[in-house]
Structure formats: C-alpha cells, structure tokens
file query-v3.txt (compact mmCIF, C-alpha atoms)
# COMPACT_ATOMS: atom_id res chain seq x y z
CA MET J 1 0.00 0.00 0.00
CA SER J 2 1.06 3.61 -0.53
CA SER J 3 1.31 5.83 2.53
CA GLU J 4 1.45 9.04 0.50
CA GLU J 5 -2.33 9.60 0.56
CA TYR J 6 -2.55 10.02 4.34
CA LYS J 7 -2.48 13.41 6.05
CA SER J 8 -1.64 12.33 9.59
CA PRO J 9 0.07 9.44 11.34
CA GLY J 10 -3.30 8.55 12.93
CA GLN J 11 -4.88 8.08 9.51
CA LEU J 12 -1.98 5.87 8.40
CA VAL J 13 -2.12 3.67 11.50
CA THR J 14 -5.93 3.34 11.17
CA ALA J 15 -5.53 2.23 7.54
CA LEU J 16 -2.80 -0.26 8.45
CA LEU J 17 -5.03 -1.80 11.13
CA ALA J 18 -7.92 -2.13 8.65
CA GLU J 19 -5.63 -3.69 6.05
CA ARG J 20 -4.60 -6.39 8.52
CA SER J 21 -8.04 -6.73 10.12
CA TRP J 22 -6.51 -5.83 13.48
CA THR J 23 -8.21 -4.07 16.33
CA LYS J 24 -6.50 -1.50 18.47
CA ARG J 25 -6.30 -4.12 21.21
CA THR J 26 -4.49 -6.46 18.80
CA LEU J 27 -1.93 -3.74 18.06
CA ALA J 28 -1.56 -3.07 21.79
CA ILE J 29 -0.78 -6.73 22.46
CA ILE J 30 1.69 -7.00 19.56
CA SER J 31 3.47 -3.70 20.28
CA GLY J 32 3.36 -3.80 24.04
CA MET J 33 1.79 -0.35 24.06
CA ASP J 34 -1.18 0.70 26.16
CA GLU J 35 -4.45 0.48 24.21
CA SER J 36 -5.47 3.99 25.31
CA ILE J 37 -2.25 5.36 23.78
CA ILE J 38 -3.02 3.63 20.49
CA SER J 39 -6.56 5.01 20.56
CA LYS J 40 -5.27 8.56 21.12
CA THR J 41 -2.70 8.10 18.36
CA THR J 42 -5.23 6.97 15.74
CA SER J 43 -7.45 9.95 16.60
CA ASN J 44 -4.45 12.31 16.40
CA VAL J 45 -4.87 13.34 20.01
CA ARG J 46 -1.44 11.98 20.93
CA LYS J 47 1.57 12.84 18.78
CA VAL J 48 3.82 10.15 17.37
CA ASP J 49 7.27 10.58 18.90
CA ALA J 50 10.52 8.94 17.79
CA GLU J 51 10.10 5.94 20.13
CA THR J 52 6.55 5.23 18.92
CA ALA J 53 7.62 5.64 15.28
CA ILE J 54 10.29 2.95 15.74
CA ILE J 55 7.72 0.57 17.27
CA PHE J 56 5.39 1.12 14.32
CA GLU J 57 8.31 0.54 11.95
CA GLU J 58 8.97 -2.83 13.55
CA VAL J 59 5.27 -3.81 13.56
CA PHE J 60 4.16 -2.52 10.16
CA GLY J 61 7.42 -2.55 8.19
CA ILE J 62 7.09 1.13 7.26
CA PRO J 63 10.11 3.42 7.97
CA ALA J 64 9.86 5.37 11.21
CA GLU J 65 10.75 8.52 9.26
CA ARG J 66 7.40 8.29 7.44
CA PHE J 67 5.41 8.45 10.67
CA LEU J 68 7.52 11.35 11.96
CA SER J 69 7.21 13.18 8.63
CA LEU J 70 3.44 12.83 8.69
CA GLN J 71 3.37 14.09 12.29
CA LYS J 72 5.43 17.16 11.34
CA THR J 73 3.25 17.92 8.32
CA TYR J 74 0.08 17.45 10.34
CA ASP J 75 1.32 19.69 13.18
CA LEU J 76 2.21 22.46 10.73
CA ALA J 77 -1.19 22.24 9.02
CA VAL J 78 -2.99 22.48 12.37
CA ALA J 79 -0.81 25.41 13.42
CA ARG J 80 -1.59 27.27 10.18
CA ILE J 81 -5.31 26.82 10.82
CA GLU J 82 -5.13 27.88 14.46
CA SER J 83 -2.56 30.66 14.05
CA THR J 84 -3.69 34.25 13.73
CA PRO J 85 -1.82 35.96 10.87
CA ASN J 86 0.56 38.64 12.17
CA PRO J 87 1.94 40.82 9.33
CA LYS J 88 4.03 42.70 11.90
CA ARG J 89 6.43 39.77 12.14
CA GLN J 90 7.56 40.21 8.55
CA MET J 91 7.85 43.98 9.01
CA ARG J 92 9.93 43.46 12.16
CA ALA J 93 12.20 41.11 10.24
CA GLU J 94 12.79 43.86 7.68
CA LEU J 95 13.11 46.74 10.13
CA ILE J 96 14.86 45.22 13.12
CA GLY J 97 16.76 42.69 11.02
CA LYS J 98 18.18 45.20 8.55
CA LEU J 99 18.39 48.51 10.41
CA PRO J 100 21.20 48.98 12.98
CA ILE J 101 18.65 49.47 15.76
CA SER J 102 21.13 49.09 18.61
CA ALA J 103 23.41 51.71 17.08
CA MET J 104 20.48 54.06 16.49
CA ILE J 105 19.42 53.69 20.12
CA ALA J 106 22.97 54.29 21.32
CA ARG J 107 23.19 57.40 19.14
CA GLY J 108 19.98 58.80 20.66
CA TRP J 109 18.05 58.58 17.40
CA LEU J 110 15.49 56.17 18.84
CA ASP J 111 13.85 56.62 22.23
CA ALA J 112 14.13 53.06 23.55
CA LYS J 113 16.29 51.40 26.18
CA SER J 114 17.16 48.39 24.04
CA VAL J 115 16.18 46.56 20.87
CA LYS J 116 14.14 44.22 23.10
CA ASP J 117 11.67 47.04 23.84
CA ILE J 118 9.68 46.27 20.70
CA ASP J 119 6.82 48.72 21.27
CA ASP J 120 9.17 51.60 22.08
CA VAL J 121 11.39 50.75 19.10
CA GLU J 122 8.44 50.68 16.71
CA GLU J 123 7.05 53.99 18.00
CA SER J 124 10.49 55.58 17.75
CA LEU J 125 10.96 54.30 14.20
CA LEU J 126 7.66 55.90 13.20
CA ARG J 127 8.83 59.24 14.57
CA PHE J 128 12.31 58.92 13.09
CA PHE J 129 11.09 58.10 9.58
CA GLN J 130 8.12 60.47 9.90
CA ALA J 131 5.61 57.73 9.10
CA ASN J 132 2.09 57.07 10.39
CA ARG J 133 2.25 53.28 10.09
CA LEU J 134 5.06 50.73 10.24
CA GLU J 135 4.32 49.62 6.67
CA ASP J 136 4.99 53.19 5.50
CA ILE J 137 8.60 53.21 6.74
CA GLU J 138 10.51 53.36 3.51
CA THR J 139 13.18 50.82 4.35
CA LEU J 140 10.42 48.23 3.85
CA PRO J 141 10.35 46.87 0.28
CA HIS J 142 6.76 47.88 -0.49
CA ALA J 143 6.53 51.22 1.32
CA SER J 144 4.77 53.74 -0.90
CA LYS J 145 7.04 56.68 -0.01
CA LYS J 146 10.55 56.39 -1.41
CA THR J 147 13.39 58.89 -1.13
CA GLU J 148 15.02 59.40 -4.50
CA VAL J 149 18.68 58.50 -4.01
CA SER J 150 21.41 58.42 -6.66
CA ILE J 151 22.26 54.82 -5.76
CA ALA J 152 20.25 51.98 -4.25
CA ALA J 153 20.77 52.92 -0.61
CA THR J 154 20.82 50.32 2.15
CA PRO J 155 18.43 50.68 5.13
CA ALA J 156 21.32 51.91 7.30
CA GLN J 157 22.32 54.49 4.68
CA LEU J 158 18.70 55.68 4.47
CA ALA J 159 18.62 56.06 8.24
CA TRP J 160 21.74 58.22 8.08
CA LEU J 161 20.17 60.31 5.31
CA TYR J 162 17.02 60.83 7.37
CA ARG J 163 19.09 62.06 10.29
CA VAL J 164 20.95 64.52 8.06
CA LYS J 165 17.68 65.74 6.53
CA THR J 166 16.01 66.21 9.92
CA LEU J 167 18.87 68.25 11.33
CA ALA J 168 19.25 70.30 8.15
CA SER J 169 15.52 71.10 8.08
CA GLU J 170 15.75 72.84 11.44
CA MET J 171 18.72 75.04 10.57
CA LEU J 172 18.51 78.78 9.98
CA VAL J 173 20.82 79.98 7.22
CA ALA J 174 21.07 82.95 4.87
CA ARG J 175 19.30 83.04 1.52
CA TYR J 176 20.93 80.86 -1.13
CA SER J 177 21.78 81.99 -4.63
CA PRO J 178 24.00 80.57 -7.41
CA THR J 179 26.51 83.34 -6.76
CA SER J 180 26.65 82.56 -3.05
CA VAL J 181 28.06 79.07 -3.59
CA LYS J 182 30.77 80.48 -5.89
CA SER J 183 31.63 83.00 -3.22
CA ALA J 184 31.75 80.27 -0.56
CA ILE J 185 34.13 78.19 -2.66
CA SER J 186 36.42 81.20 -3.12
CA LYS J 187 36.42 81.97 0.61
CA ILE J 188 37.17 78.37 1.56
CA LYS J 189 40.03 78.37 -0.94
CA THR J 190 41.75 81.01 1.20
CA LEU J 191 41.52 78.76 4.28
CA ILE J 192 43.06 75.53 3.02
CA HIS J 193 46.62 76.53 3.82
CA SER J 194 45.90 75.90 7.49
CA ALA J 195 44.04 73.16 9.34
CA GLU J 196 42.97 75.61 12.06
CA GLU J 197 41.40 77.96 9.53
CA LEU J 198 38.93 75.24 8.52
CA ARG J 199 36.94 76.03 11.66
CA LYS J 200 35.40 78.86 9.62
CA VAL J 201 33.88 76.52 7.02
CA PRO J 202 30.47 76.00 8.72
CA ARG J 203 29.95 79.76 9.08
CA ILE J 204 30.91 80.46 5.45
CA LEU J 205 28.48 77.82 4.22
CA ALA J 206 25.64 79.11 6.43
CA GLU J 207 26.22 82.64 5.13
CA ALA J 208 25.98 81.21 1.61
CA GLY J 209 22.61 79.60 2.36
CA ILE J 210 24.01 76.06 2.42
CA ARG J 211 22.94 73.81 5.27
CA PHE J 212 26.03 71.93 6.43
CA VAL J 213 25.58 68.93 8.75
CA ILE J 214 28.15 66.46 10.08
CA VAL J 215 26.65 63.13 11.15
CA GLU J 216 28.85 60.23 12.17
CA ALA J 217 28.29 57.26 9.89
CA LEU J 218 26.40 54.23 11.13
CA PRO J 219 28.34 50.93 11.12
CA SER J 220 29.08 49.50 7.65
CA THR J 221 27.49 52.38 5.72
CA LYS J 222 30.76 53.61 4.13
CA ILE J 223 29.33 57.05 3.32
CA ASP J 224 31.53 60.08 2.74
CA GLY J 225 28.89 62.68 2.06
CA VAL J 226 25.62 63.64 0.45
CA CYS J 227 24.17 66.59 -1.44
CA PHE J 228 20.44 67.18 -1.71
CA TRP J 229 17.93 70.01 -1.65
CA LEU J 230 15.05 70.62 0.75
CA ASP J 231 13.58 72.78 -1.99
CA GLU J 232 14.94 74.62 -5.04
CA ASN J 233 16.66 77.23 -2.86
CA SER J 234 17.80 75.11 0.08
CA PRO J 235 20.86 72.94 -0.64
CA VAL J 236 22.15 70.57 2.01
CA ILE J 237 25.62 69.08 2.41
CA GLY J 238 25.97 66.20 4.82
CA MET J 239 29.34 64.66 5.71
CA THR J 240 30.47 61.77 7.89
CA MET J 241 34.17 62.62 8.28
CA ARG J 242 34.76 58.87 8.56
CA PHE J 243 38.36 59.54 7.57
CA ASP J 244 39.60 62.22 9.94
CA ARG J 245 42.23 63.76 7.65
CA ILE J 246 42.57 67.22 6.20
CA ASP J 247 42.89 65.96 2.63
CA ASN J 248 39.72 63.88 2.88
CA PHE J 249 37.71 66.65 4.50
CA VAL J 250 38.66 69.28 1.93
CA PHE J 251 38.22 66.90 -1.01
CA VAL J 252 34.77 65.65 0.07
CA LEU J 253 33.61 69.17 0.94
CA ARG J 254 34.65 70.56 -2.44
CA HIS J 255 33.13 67.50 -4.13
CA GLU J 256 29.76 68.22 -2.52
CA LEU J 257 30.02 71.94 -3.28
CA GLU J 258 30.46 71.04 -6.93
CA HIS J 259 27.21 69.10 -6.76
CA VAL J 260 25.53 72.17 -5.25
CA GLN J 261 27.02 74.46 -7.90
CA ASN J 262 25.76 72.16 -10.68
CA ARG J 263 22.41 71.76 -8.89
CA ASP J 264 22.95 68.02 -8.74
CA GLY J 265 20.67 66.38 -6.22
CA LEU J 266 17.58 68.46 -6.99
CA MET J 267 15.70 65.39 -8.16
CA GLN J 268 17.53 62.76 -6.13
CA MET J 269 19.95 62.77 -3.23
CA MET J 270 23.57 62.53 -4.39
CA LEU J 271 24.82 59.90 -1.96
CA ASP J 272 28.58 59.68 -2.26
CA VAL J 273 30.18 56.30 -1.74
CA ASP J 274 32.88 54.74 -3.87
CA ILE J 275 30.92 53.80 -6.98
CA ASN J 276 33.76 51.55 -8.10
CA SER J 277 33.99 49.58 -4.85
CA GLY J 278 31.01 47.31 -5.43
CA GLU J 279 29.12 48.99 -2.59
CA ALA J 280 27.01 51.07 -4.95
CA ALA J 281 24.27 49.57 -7.09
CA GLN J 282 22.27 50.80 -10.11
CA VAL J 283 24.98 53.24 -11.17
CA THR J 284 23.91 55.18 -14.26
CA GLN J 285 26.10 56.85 -16.85
CA GLU J 286 24.72 60.22 -15.76
CA LEU J 287 25.76 59.55 -12.18
CA ILE J 288 29.23 58.48 -13.30
CA GLU J 289 29.61 61.75 -15.22
CA GLN J 290 28.34 63.84 -12.30
CA GLU J 291 30.74 62.13 -9.92
CA ALA J 292 33.62 62.52 -12.36
CA ARG J 293 32.96 66.28 -12.60
CA ALA J 294 32.78 66.63 -8.83
CA ASN J 295 35.96 64.57 -8.33
CA ALA J 296 37.84 66.60 -10.93
CA ALA J 297 36.76 69.88 -9.32
CA ALA J 298 37.75 68.61 -5.87
CA SER J 299 41.18 67.44 -7.06
CA GLU J 300 41.82 70.74 -8.84
CA PHE J 301 40.79 72.61 -5.71
CA CYS J 302 43.28 70.71 -3.55
CA VAL J 303 46.17 70.75 -6.04
CA PRO J 304 45.87 71.93 -9.68
CA LYS J 305 46.33 68.97 -12.02
CA LYS J 306 49.02 70.67 -14.10
CA MET J 307 51.08 71.39 -11.00
CA MET J 308 50.71 67.83 -9.72
CA ASP J 309 51.58 66.38 -13.13
CA ALA J 310 54.72 68.51 -13.32
CA PHE J 311 55.72 67.67 -9.74
CA ILE J 312 55.37 63.93 -10.30
CA SER J 313 57.25 64.14 -13.60
CA ARG J 314 60.16 65.99 -11.98
CA LYS J 315 60.43 64.12 -8.69
CA ALA J 316 59.41 60.52 -9.44
CA PRO J 317 60.16 57.99 -8.13
CA ILE J 318 61.48 59.73 -4.99
CA PHE J 319 59.19 62.24 -3.28
CA ALA J 320 61.03 63.93 -0.44
CA LYS J 321 59.06 65.45 2.41
CA ARG J 322 60.75 68.82 1.91
CA ASP J 323 59.64 68.85 -1.74
CA ILE J 324 56.03 68.11 -0.78
CA ILE J 325 56.08 70.91 1.78
CA GLY J 326 57.74 73.22 -0.74
CA LEU J 327 55.02 72.62 -3.34
CA ALA J 328 52.34 73.19 -0.71
CA ARG J 329 53.85 76.55 0.27
CA MET J 330 54.05 77.63 -3.34
CA LEU J 331 50.40 76.72 -3.89
CA LYS J 332 49.35 78.19 -0.51
CA VAL J 333 47.69 74.94 0.56
CA HIS J 334 48.30 72.64 3.50
CA ALA J 335 50.95 70.00 2.83
CA GLY J 336 48.35 67.37 3.68
CA LEU J 337 46.45 68.23 0.51
CA VAL J 338 49.53 67.69 -1.62
CA ALA J 339 50.29 64.46 0.24
CA GLY J 340 46.74 63.18 -0.21
CA GLN J 341 46.68 63.89 -3.94
CA LEU J 342 50.17 62.44 -4.37
CA GLN J 343 49.19 59.25 -2.57
CA PHE J 344 46.09 58.91 -4.73
CA ARG J 345 47.95 59.55 -7.99
CA THR J 346 50.92 57.27 -7.25
CA LYS J 347 49.14 54.69 -5.05
CA LYS J 348 52.04 55.09 -2.62
CA TYR J 349 50.05 55.54 0.54
CA HIS J 350 53.06 55.75 2.84
CA LEU J 351 54.13 59.14 1.47
CA ALA J 352 54.09 62.04 3.97
CA ARG J 353 51.45 60.43 6.15
CA ASP J 354 52.41 62.73 9.00
CA GLN J 355 51.00 65.65 6.96
CA LEU J 356 47.49 64.14 6.88
CA VAL J 357 46.49 65.90 10.09
CA PRO J 358 43.08 65.34 11.75
CA VAL J 359 40.57 68.17 11.49
CA ARG J 360 37.34 66.81 12.94
CA SER J 361 37.98 68.37 16.36
CA ILE J 362 38.59 71.69 14.58
CA VAL J 363 35.48 71.71 12.38
CA THR J 364 32.77 70.04 14.46
CA PRO J 365 32.57 72.56 17.36
CA ASN J 366 31.29 75.17 14.89
CA ALA J 367 29.02 72.84 12.87
CA VAL J 368 25.73 71.06 13.47
CA THR J 369 27.24 67.77 14.54
CA ASP J 370 25.75 64.44 15.57
CA GLY J 371 27.96 61.60 16.74
CA TRP J 372 31.19 60.78 18.56
CA GLY J 373 29.31 60.86 21.86
CA ASP J 374 27.19 63.93 21.13
CA VAL J 375 23.54 63.96 20.07
CA ALA J 376 22.42 66.97 18.04
CA PRO J 377 19.16 68.41 19.47
CA THR J 378 16.09 68.17 17.26
CA ASP J 379 12.41 68.86 17.66
CA ALA J 380 11.37 66.15 15.20
CA TYR J 381 11.49 63.17 17.58

call {"tool": "encode", "arguments": {"input": "query-v3.txt", "output": "structure tokens"}}
result
Amino acid sequence: MSSEEYKSPGQLVTALLAERSWTKRTLAIISGMDESIISKTTSNVRKVDAETAIIFEEVFGIPAERFLSLQKTYDLAVARIESTPNPKRQMRAELIGKLPISAMIARGWLDAKSVKDIDDVEESLLRFFQANRLEDIETLPHASKKTEVSIAATPAQLAWLYRVKTLASEMLVARYSPTSVKSAISKIKTLIHSAEELRKVPRILAEAGIRFVIVEALPSTKIDGVCFWLDENSPVIGMTMRFDRIDNFVFVLRHELEHVQNRDGLMQMMLDVDINSGEAAQVTQELIEQEARANAAASEFCVPKKMMDAFISRKAPIFAKRDIIGLARMLKVHAGLVAGQLQFRTKKYHLARDQLVPVRSIVTPNAVTDGWGDVAPTDAY
C-alpha cells in the first residue's frame, strides 16, 4: 500500500489496522503499548514521537521517518489553521533585522532602552522616519514613499540620510543663490593653507545659504557625504568625516560643493560612496559623469592637475618630504592636501602620512554635529 495519501500518522495507523483486520487491542498486544495510547494516536490526540515511530516501523514494516514526517506535516497544518496571521512579524524582520537598531538607540536617534523594547522601538521608528504606520517606513520593500537616491541605498544608509535631513531642516541659514556658492568656494580656498582655519567653514556655508551637517556614519554604511535640496533654494551638504584627515575633509567638501554648484541632487539625493567599490548599485552613466565632474573639481581645488603632473614628472620615483612641503607653500595649501593627492595619484600611501592631520575636532565645534558621543538636538522626535 502507498502511505502518501494520508495526512496524519493517525490516519496511516488506522488504515494499516484495517488492512490487517486488526483491532486496536491487537496492536496493543503486539506492540506492548497501552491500548489507550493507540486510541489517542489513531485519533491524532497523541503525537507520534521517535520511540513510537520505531515501534510502528517494527510492527508494520514502514520506515519510522514516514510516521515522523506525517506528524510534522500534520502539526504544521494544524498550526496554520489555528494561528492568527501577524503581518508585523515580517515587518519586524525587515526593520529590526536590517536597520542597525542598537546603534540608532545608542546614538539617541530612537527613544528606547534596548532593541528588546519592541513597542518603544516601533514607536520611535515611526517618529524617526516620519511615518504614520510601520508599513509606510521606507526601508520596507513595499513602502509607498521612497526617497530618490542616486544609488540603491541600504536601510542603514537611508537612516543616516534621514538624520541629516532632519537636522538640516531645522537650521537657519542665509538666503541661497547661485553666486553665493561660488563666493563660498572662493572663501574656503583662502583657508586651506591651514588646518585651524577650517573652523570657519560652517559659518561660510551658512552665510551662503548652504545647510552643512556632520553626522557620524552608522556601522558599515561607508558614506563620505551627500548633497540634496530641501527645496529649489535650500541645498544641504551632509558629511560623515569617517576619515579624519585634512585631505579627505577638503576633497569631500569641495566635491559636494560642486554638486551644489551644478544643482545636482535636486531630483535625487547625491549619496557619495565609492561607486567603483562594489558597494554602490544601479549606477547610471549620468551619475558616473556627475561624480567625475565633482571629483575633478575637488582634485583641482586641492592641487591643480598641471602642477601635480609637473611635480610627479620631476620628482618621481622619490618624493622627499621637503619637496612636498615646498610645493604646498608655493600653492598656498596645506601640505596634507599635496600628500593626499600624491598618494592617490601614485598609489604610494606611505608618502608624507604625518602631513594628513586630523581636522574633525577643529570643524565640528562650529558645525551642526551628531555623533562621537554627542547627540544633536532636534524637535522632530
């Protein structure tokens, strides 16, 4: 006989008894089991465990695995009938499983004591993402509201973007105009000879109508910066300063200012990660061209390409520290900018590393900053 047609171990045992013209008492005598246990088993009141399955295997000649498989299938079918569907479980898997909830709590972004406080976490997520229902939080695959981002952002990257946007929205800055960003770039150019002078950057950007926010990156997000617009006259530059070096700060800042100057990010946030690293997805030709323009402008701002070309041609393969400092003085830039560009161009990352001075502690006291132990105040949540 085939056992495939039966839906429970009780049905199979009942059929096997009928096939042999046995009563339950007969099976009890043969198996040494109590008759009441056999009765409960055939009516599916008692589950077939491994020991019982082996007894049935010996009596009926059917593998014990078949009885256990039927029991498992039957239990699951009963559970599906009795279980009340809970769509929140899937949403929690997406939200809590993919967002760095613990890090967001530690950073003060979510008002919950721990990730175990499910109700508090869910309420905080609603406030953080400015949503009315959990299913509207845009890190969920089918959320109707979607932020337009230049690359396919991860949930953690979207969380960082939301934090930047929230802080930027509450800032008061001067009126922006196309000429104001040009003026800001010119003013910052006069500062890059000195790390200490970079403390003036936040004020210059605010006077130019550019909202400048520094938010420490969440774990594994690998973001350098972002450019977007709250409206047509309200550009925002967000930076992570994940590499605390003067060359990186100046390069990323000028990169983002180029996006502002070209009005990149009006339709979608220009999220800047390394588009060649494999971290970015859905990279378009337009994005590649925009990034290339911004990179070229940032490199030229740090060290003019013609000057760097000539320096490398003259000094290669030996680049003495005194020569790097000498070029920096001639160009009226910090030696760290020359060192950073030289490292990038030659791939010799050991060159003049002592010139790559940290600047985060110089810039952040004068900027809207969130991270490194400080939580920027906000009225949003």

call {"tool": "atom_distance", "arguments": {"input": "query-v3.txt", "atom1": "atom CA of J:Ala380", "atom2": "atom CA of J:Thr166"}}
result
7.0 Å

call {"tool": "residues_near_point", "arguments": {"input": "query-v3.txt", "point": "(39.2, 63.4, -5.7)", "cutoff": "9 Å", "atoms": "only C-alpha atoms", "output": "list in words"}}
result
Asn248, Phe251, Val252, His255, Ala292, Ala294, Asn295, Ala296, Ala297, Ala298, Ser299, Glu300, Cys302, Gln341 and Phe344 of chain J

call {"tool": "residues_around", "arguments": {"input": "query-v3.txt", "residues": "J:Thr179", "least_positions_apart": "4", "cutoff": "10 Å", "atoms": "only C-alpha atoms", "output": "list in words"}}
result
Ser183, Ala184, Ala208 and Gln261 of chain J

call {"tool": "residues_near_point", "arguments": {"input": "query-v3.txt", "point": "(6.1, 48.3, 19.6)", "cutoff": "12 Å", "atoms": "all atoms listed in the file", "output": "NGL selection string"}}
result
:J and (88-89 or 91-92 or 95-96 or 111-112 or 114-126 or 133-134)

call {"tool": "write_last_selection", "arguments": {"input": "query-v3.txt", "atoms": "C-alpha atoms", "output": "short mmCIF file (atom, residue, chain, number, x, y, z; two decimals), keeping the file's coordinate frame"}}
result
data_model
loop_
_atom_site.label_atom_id
_atom_site.label_comp_id
_atom_site.auth_asym_id
_atom_site.auth_seq_id
_atom_site.Cartn_x
_atom_site.Cartn_y
_atom_site.Cartn_z
CA LYS J 88 4.03 42.70 11.90
CA ARG J 89 6.43 39.77 12.14
CA MET J 91 7.85 43.98 9.01
CA ARG J 92 9.93 43.46 12.16
CA LEU J 95 13.11 46.74 10.13
CA ILE J 96 14.86 45.22 13.12
CA ASP J 111 13.85 56.62 22.23
CA ALA J 112 14.13 53.06 23.55
CA SER J 114 17.16 48.39 24.04
CA VAL J 115 16.18 46.56 20.87
CA LYS J 116 14.14 44.22 23.10
CA ASP J 117 11.67 47.04 23.84
CA ILE J 118 9.68 46.27 20.70
CA ASP J 119 6.82 48.72 21.27
CA ASP J 120 9.17 51.60 22.08
CA VAL J 121 11.39 50.75 19.10
CA GLU J 122 8.44 50.68 16.71
CA GLU J 123 7.05 53.99 18.00
CA SER J 124 10.49 55.58 17.75
CA LEU J 125 10.96 54.30 14.20
CA LEU J 126 7.66 55.90 13.20
CA ARG J 133 2.25 53.28 10.09
CA LEU J 134 5.06 50.73 10.24
#

call {"tool": "residues_around", "arguments": {"input": "query-v3.txt", "residues": "stretch 322-325 of chain J", "least_positions_apart": "5", "cutoff": "10 Å", "atoms": "all atoms listed in the file", "output": "list in words"}}
result
Phe311, Lys315, Met330, Leu331, Val333, His334, Ala335, Gly336, Leu337, Val338, Ala339, Leu342, Leu351, Ala352 and Gln355 of chain J

call {"tool": "atom_distance", "arguments": {"input": "query-v3.txt", "atom1": "atom CA of J:Lys189", "atom2": "atom CA of J:Glu258"}}
result
13.5 Å

call {"tool": "decode", "arguments": {"input": "query-v3.txt", "residues": "stretch 165-182 of chain J", "atoms": "N, CA, C and O atoms", "output": "PDB file, in the first residue's frame"}}
result
ATOM      1  N   LYS J 165      18.791  64.912   7.005  1.00  0.00           N
ATOM      2  CA  LYS J 165      17.677  65.737   6.526  1.00  0.00           C
ATOM      3  C   LYS J 165      16.934  66.401   7.686  1.00  0.00           C
ATOM      4  O   LYS J 165      16.577  67.586   7.618  1.00  0.00           O
ATOM      5  N   THR J 166      16.718  65.651   8.759  1.00  0.00           N
ATOM      6  CA  THR J 166      16.011  66.205   9.916  1.00  0.00           C
ATOM      7  C   THR J 166      16.777  67.374  10.525  1.00  0.00           C
ATOM      8  O   THR J 166      16.212  68.430  10.805  1.00  0.00           O
ATOM      9  N   LEU J 167      18.064  67.186  10.732  1.00  0.00           N
ATOM     10  CA  LEU J 167      18.875  68.248  11.328  1.00  0.00           C
ATOM     11  C   LEU J 167      18.968  69.457  10.406  1.00  0.00           C
ATOM     12  O   LEU J 167      18.888  70.605  10.853  1.00  0.00           O
ATOM     13  N   ALA J 168      19.138  69.194   9.106  1.00  0.00           N
ATOM     14  CA  ALA J 168      19.247  70.302   8.146  1.00  0.00           C
ATOM     15  C   ALA J 168      17.956  71.104   8.068  1.00  0.00           C
ATOM     16  O   ALA J 168      17.984  72.331   7.905  1.00  0.00           O
ATOM     17  N   SER J 169      16.820  70.424   8.187  1.00  0.00           N
ATOM     18  CA  SER J 169      15.518  71.097   8.075  1.00  0.00           C
ATOM     19  C   SER J 169      15.299  72.120   9.180  1.00  0.00           C
ATOM     20  O   SER J 169      14.535  73.072   9.008  1.00  0.00           O
ATOM     21  N   GLU J 170      15.965  71.943  10.306  1.00  0.00           N
ATOM     22  CA  GLU J 170      15.753  72.839  11.441  1.00  0.00           C
ATOM     23  C   GLU J 170      16.785  73.962  11.512  1.00  0.00           C
ATOM     24  O   GLU J 170      16.746  74.777  12.424  1.00  0.00           O
ATOM     25  N   MET J 171      17.679  74.018  10.547  1.00  0.00           N
ATOM     26  CA  MET J 171      18.722  75.044  10.566  1.00  0.00           C
ATOM     27  C   MET J 171      18.216  76.365   9.998  1.00  0.00           C
ATOM     28  O   MET J 171      17.346  76.398   9.115  1.00  0.00           O
ATOM     29  N   LEU J 172      18.774  77.457  10.516  1.00  0.00           N
ATOM     30  CA  LEU J 172      18.506  78.784   9.980  1.00  0.00           C
ATOM     31  C   LEU J 172      19.770  79.274   9.286  1.00  0.00           C
ATOM     32  O   LEU J 172      20.832  79.384   9.902  1.00  0.00           O
ATOM     33  N   VAL J 173      19.671  79.520   7.990  1.00  0.00           N
ATOM     34  CA  VAL J 173      20.820  79.985   7.218  1.00  0.00           C
ATOM     35  C   VAL J 173      20.389  81.164   6.360  1.00  0.00           C
ATOM     36  O   VAL J 173      19.194  81.467   6.238  1.00  0.00           O
ATOM     37  N   ALA J 174      21.374  81.821   5.753  1.00  0.00           N
ATOM     38  CA  ALA J 174      21.071  82.950   4.869  1.00  0.00           C
ATOM     39  C   ALA J 174      20.395  82.456   3.591  1.00  0.00           C
ATOM     40  O   ALA J 174      20.295  81.258   3.341  1.00  0.00           O
ATOM     41  N   ARG J 175      19.960  83.386   2.784  1.00  0.00           N
ATOM     42  CA  ARG J 175      19.304  83.043   1.524  1.00  0.00           C
ATOM     43  C   ARG J 175      20.346  82.525   0.530  1.00  0.00           C
ATOM     44  O   ARG J 175      21.419  83.109   0.378  1.00  0.00           O
ATOM     45  N   TYR J 176      20.004  81.453  -0.151  1.00  0.00           N
ATOM     46  CA  TYR J 176      20.928  80.863  -1.126  1.00  0.00           C
ATOM     47  C   TYR J 176      20.732  81.481  -2.506  1.00  0.00           C
ATOM     48  O   TYR J 176      19.624  81.835  -2.903  1.00  0.00           O
ATOM     49  N   SER J 177      21.835  81.590  -3.228  1.00  0.00           N
ATOM     50  CA  SER J 177      21.783  81.988  -4.631  1.00  0.00           C
ATOM     51  C   SER J 177      22.949  81.317  -5.352  1.00  0.00           C
ATOM     52  O   SER J 177      23.931  80.920  -4.713  1.00  0.00           O
ATOM     53  N   PRO J 178      22.883  81.180  -6.668  1.00  0.00           N
ATOM     54  CA  PRO J 178      23.998  80.573  -7.406  1.00  0.00           C
ATOM     55  C   PRO J 178      25.324  81.290  -7.186  1.00  0.00           C
ATOM     56  O   PRO J 178      26.377  80.665  -7.195  1.00  0.00           O
ATOM     57  N   THR J 179      25.258  82.605  -6.988  1.00  0.00           N
ATOM     58  CA  THR J 179      26.512  83.338  -6.763  1.00  0.00           C
ATOM     59  C   THR J 179      27.065  83.096  -5.364  1.00  0.00           C
ATOM     60  O   THR J 179      28.275  83.186  -5.145  1.00  0.00           O
ATOM     61  N   SER J 180      26.179  82.757  -4.424  1.00  0.00           N
ATOM     62  CA  SER J 180      26.647  82.558  -3.046  1.00  0.00           C
ATOM     63  C   SER J 180      27.521  81.320  -2.919  1.00  0.00           C
ATOM     64  O   SER J 180      28.479  81.301  -2.143  1.00  0.00           O
ATOM     65  N   VAL J 181      27.225  80.272  -3.679  1.00  0.00           N
ATOM     66  CA  VAL J 181      28.059  79.073  -3.588  1.00  0.00           C
ATOM     67  C   VAL J 181      29.427  79.330  -4.203  1.00  0.00           C
ATOM     68  O   VAL J 181      30.447  78.852  -3.701  1.00  0.00           O
ATOM     69  N   LYS J 182      29.474  80.115  -5.289  1.00  0.00           N
ATOM     70  CA  LYS J 182      30.768  80.476  -5.891  1.00  0.00           C
ATOM     71  C   LYS J 182      31.602  81.281  -4.901  1.00  0.00           C
ATOM     72  O   LYS J 182      32.818  81.080  -4.775  1.00  0.00           O
TER      73      LYS J 182
END
